[in-house]
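Worksheet: one structure, shown below.
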Amino acid sequence: MNTFEFFNQHFGKHLVEQQGKPHEAVARALIASHMLASGRRSRLSSGWAIVKPRMATMQLKLATPSINYDERTRTQAFLFELEHWIQTPTLFMVFDKKPLSVTDLFLTVDLRAVRICTPVGVQTFDYTQQSTELSPQYHRLLFRERCKNAS
Amino acid sequence: MEKLTITATLATPFVTGGGYMTFDAILAGTLFDQIGDVDEAHAAIPIQCTEGLYHASAAFFKPLDYSSIDFVANLRANHSLDPSLIAKKPDGKTIHKAIGMKRRRDFGAVMNTYSLICANSITCCDEGDRSQIENLVAPIYFIGTRRASGFGEVSSWEIEEGVSDGLTGSDKKPLRPIPEAAFTGDKTSLRADTGWRPAYWHPADRSICYVSELLL
């Protein structure tokens with residue numbers, strides 16, 4: 001399974017035409033503007049997306065009905081997914097003003113190597129371990145949220 | 001082809017931008033410098049290859065110290081930037097945004113952070129042609145990235161008879177990234193989405209693999 005084929009098959013095909021090599025179609029989906037539910041157009045420039053086989057969920061409300069929309073925060077959505085991990089390849093994406101780069105897209109297939117794809121690079125960490133001061137930002141955020149929920 | 005253990009003794013710490021630094025990648029880089037063609041360079045790697053998977057392990061080392069190091073690269077867009085390198089609009093024809101004087105000021109110094117590893121040596125296992133490998137590693141004086149800054153200096157190479165095929169260790173754990181379909185070892189090993197064949201940096205050469213450790 002290649003990350004870009006996975007992205008296109010379960011998410012990208014709802015956003016752009018599938019022409020050229022898989023990673024080229026992914027790049028188009030990440031930089032192109034898309035029709036929002038509000039009728040305006042926008043890039044994927046805020047919120048988050050979680051892509052699993054046959055199910056893509058995101059925060060930014062697009063016009064396409066083929067994607068699920070969810071208003072939870074990034075941390076809440078990622079934490080729920082990781083706490084209910086079912087051993088299936090998953091793509092965790094964070095969107096911001098700076099477009100997400102195709103080179104920073106990685107699938108997560110193991111809780112010991114969770115990969116959060118952000119516009120400033122991919123963050124990799126072992127979710128089964130406690131975070132430390134040196135851990136990536138999302139490891140620290142998710143661990144803090146887990147502790148809060150447990151108490 | 002014979003099983004080999006290759007050890008590079010290091011004179012300076014080495015720098016990586018991530019990845020497993022497999023031995024076939026080290027040879028592919030050297031061959032590309034000589035040949036100048038990516039596909040020919042990969043085809044000339046003197047290591048056993050099974051359906052694109054080279055029998056060469058990642059670089060293993062005992063770190064004396066781990067830290068990070070920053071380098072500043074200066075980007076000057078107003079020199080002679082090739083328009084083909086600038087992102088296009090979705091129609092594939094027009095440039096996404098023309099670079100005016102205001103935007104040119106956005107280009108400039110960019111800081112990149114890398115991992116800096118201090119180790120006495122690195123070791124790789126592989127299954128390959130000993131004499132060709134000896135010839136290829138002899139002129140490699142630096143490994144890793146930021147070589148021109150003096151990092152990753154190799155003081156000597158040692159090639160000796162090995163016991164591993166470069167794919168799995170005696171504990172059946174992977175010694176390098178191996179795609180799921182090709183892996184016959186311990187299936188409880190760590191899995192990750194990573195490059196498994198040269199060119200390791202290219203998105204098309206990535207797949208879900210069994211990997212040796214969390215080194216991504």
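Labels for the structure tokens follow display order: chains A, B, ..., residues from 1 in each chain, ligands from 1.
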### Task
Using only C-alpha atoms, find the residues of chain B whose closest atom to chain A is at most 7 Å away, then write them as a ChimeraX atom specification.
/B:90,190-193,203,206-208,214
Looking only at the backbone, which of the residues in chain A does DSSP tag as helix (DSSP H, G or I), as a compact mmCIF listing (two decimals) with C-alpha atoms, in the first residue's frame?
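The resulting file, part.txt, is shown below:
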# COMPACT_ATOMS: atom_id res chain seq x y z
CA THR A 3 0.39 6.50 0.93
CA PHE A 4 -0.59 8.43 -2.17
CA GLU A 5 -2.77 5.69 -3.65
CA PHE A 6 -4.44 5.41 -0.25
CA PHE A 7 -4.99 9.20 -0.06
CA ASN A 8 -6.50 9.31 -3.55
CA GLN A 9 -8.64 6.22 -3.15
CA HIS A 10 -10.26 7.27 0.11
CA GLY A 12 -8.41 12.73 -2.93
CA LYS A 13 -10.89 11.34 -5.47
CA HIS A 14 -13.61 13.45 -3.81
CA PRO A 22 -0.69 9.30 -7.62
CA HIS A 23 1.59 11.76 -5.80
CA GLU A 24 0.86 14.44 -8.42
CA ALA A 25 -2.89 14.09 -7.82
CA VAL A 26 -2.25 14.33 -4.07
CA ALA A 27 -0.25 17.54 -4.55
CA ARG A 28 -3.12 19.02 -6.58
CA ALA A 29 -5.65 18.11 -3.88
CA LEU A 30 -3.50 19.78 -1.22
CA ILE A 31 -2.87 23.06 -3.04
CA ARG A 74 -7.63 18.20 16.27
CA THR A 75 -6.51 16.79 19.59
CA GLN A 76 -9.94 15.39 20.45
CA ALA A 77 -10.36 13.75 17.04
CA PHE A 78 -6.84 12.25 16.92
CA LEU A 79 -7.08 11.04 20.51
CA PHE A 80 -10.40 9.28 19.90
CA GLU A 81 -9.00 7.55 16.82
CA LEU A 82 -5.85 6.39 18.61
CA GLU A 83 -7.74 5.26 21.71
CA VAL A 102 3.23 15.56 -0.25
CA THR A 103 6.64 14.68 1.18
CA ASP A 104 5.18 15.08 4.68
CA LEU A 111 0.61 2.75 17.47
CA ARG A 112 4.34 2.52 18.16
CA ALA A 113 4.98 4.80 15.18
CA GLN A 137 4.09 18.69 19.95
CA TYR A 138 1.21 16.30 19.17
CA HIS A 139 2.65 13.55 21.38
CA ARG A 140 2.70 15.98 24.29
CA LEU A 141 -0.81 17.31 23.53
CA LEU A 142 -2.32 13.84 23.16
CA PHE A 143 -0.61 12.51 26.26
CA ARG A 144 -1.83 15.52 28.29
CA GLU A 145 -5.37 14.97 27.01
CA ARG A 146 -5.20 11.26 27.88
CA CYS A 147 -4.09 12.07 31.42
CA LYS A 148 -6.91 14.62 31.74
CA ASN A 149 -9.49 12.10 30.56
CA ALA A 150 -8.17 9.42 32.89
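Between CA of Ser115 in chain B and CA of Ser164 in chain B there is a distance of 27.9 Å.
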### Query
Which neighbours of range 185-187 of chain B fall inside 10 Å, counting only C-alpha atoms, when residues of the same chain fewer than 3 positions from it are skipped, and could you give them as an NGL selection string?
:B and (167-174 or 178 or 180 or 182 or 190-191 or 210)
### Message
Just want the 9 Å neighbourhood of Ser46 in chain A, counted on only C-alpha atoms, with same-chain residues fewer than 6 positions away dropped. Output as a VMD selection string.
### Response
chain A and resid 59 to 60 94 to 97
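The shell of residues at most 10 Å from Gly150 in chain B, with only C-alpha atoms counted and near chain neighbours (fewer than 2 positions) removed, consists of Ala11, Thr12, Pro13, Phe14, Val15, Phe142, Ile143, Thr145, Arg146, Arg147, Ala148, Gly152 and Glu153 of chain B.
Every protein or nucleic acid residue with an atom no more than 10 Å from Ile69 in chain B, counting only C-alpha atoms and leaving out same-chain residues fewer than 2 positions away, appears here: Val15, Thr16, Ser67, Phe71, Asn112, Thr113, Tyr114, Ser115, Leu116 and Ile117 of chain B.
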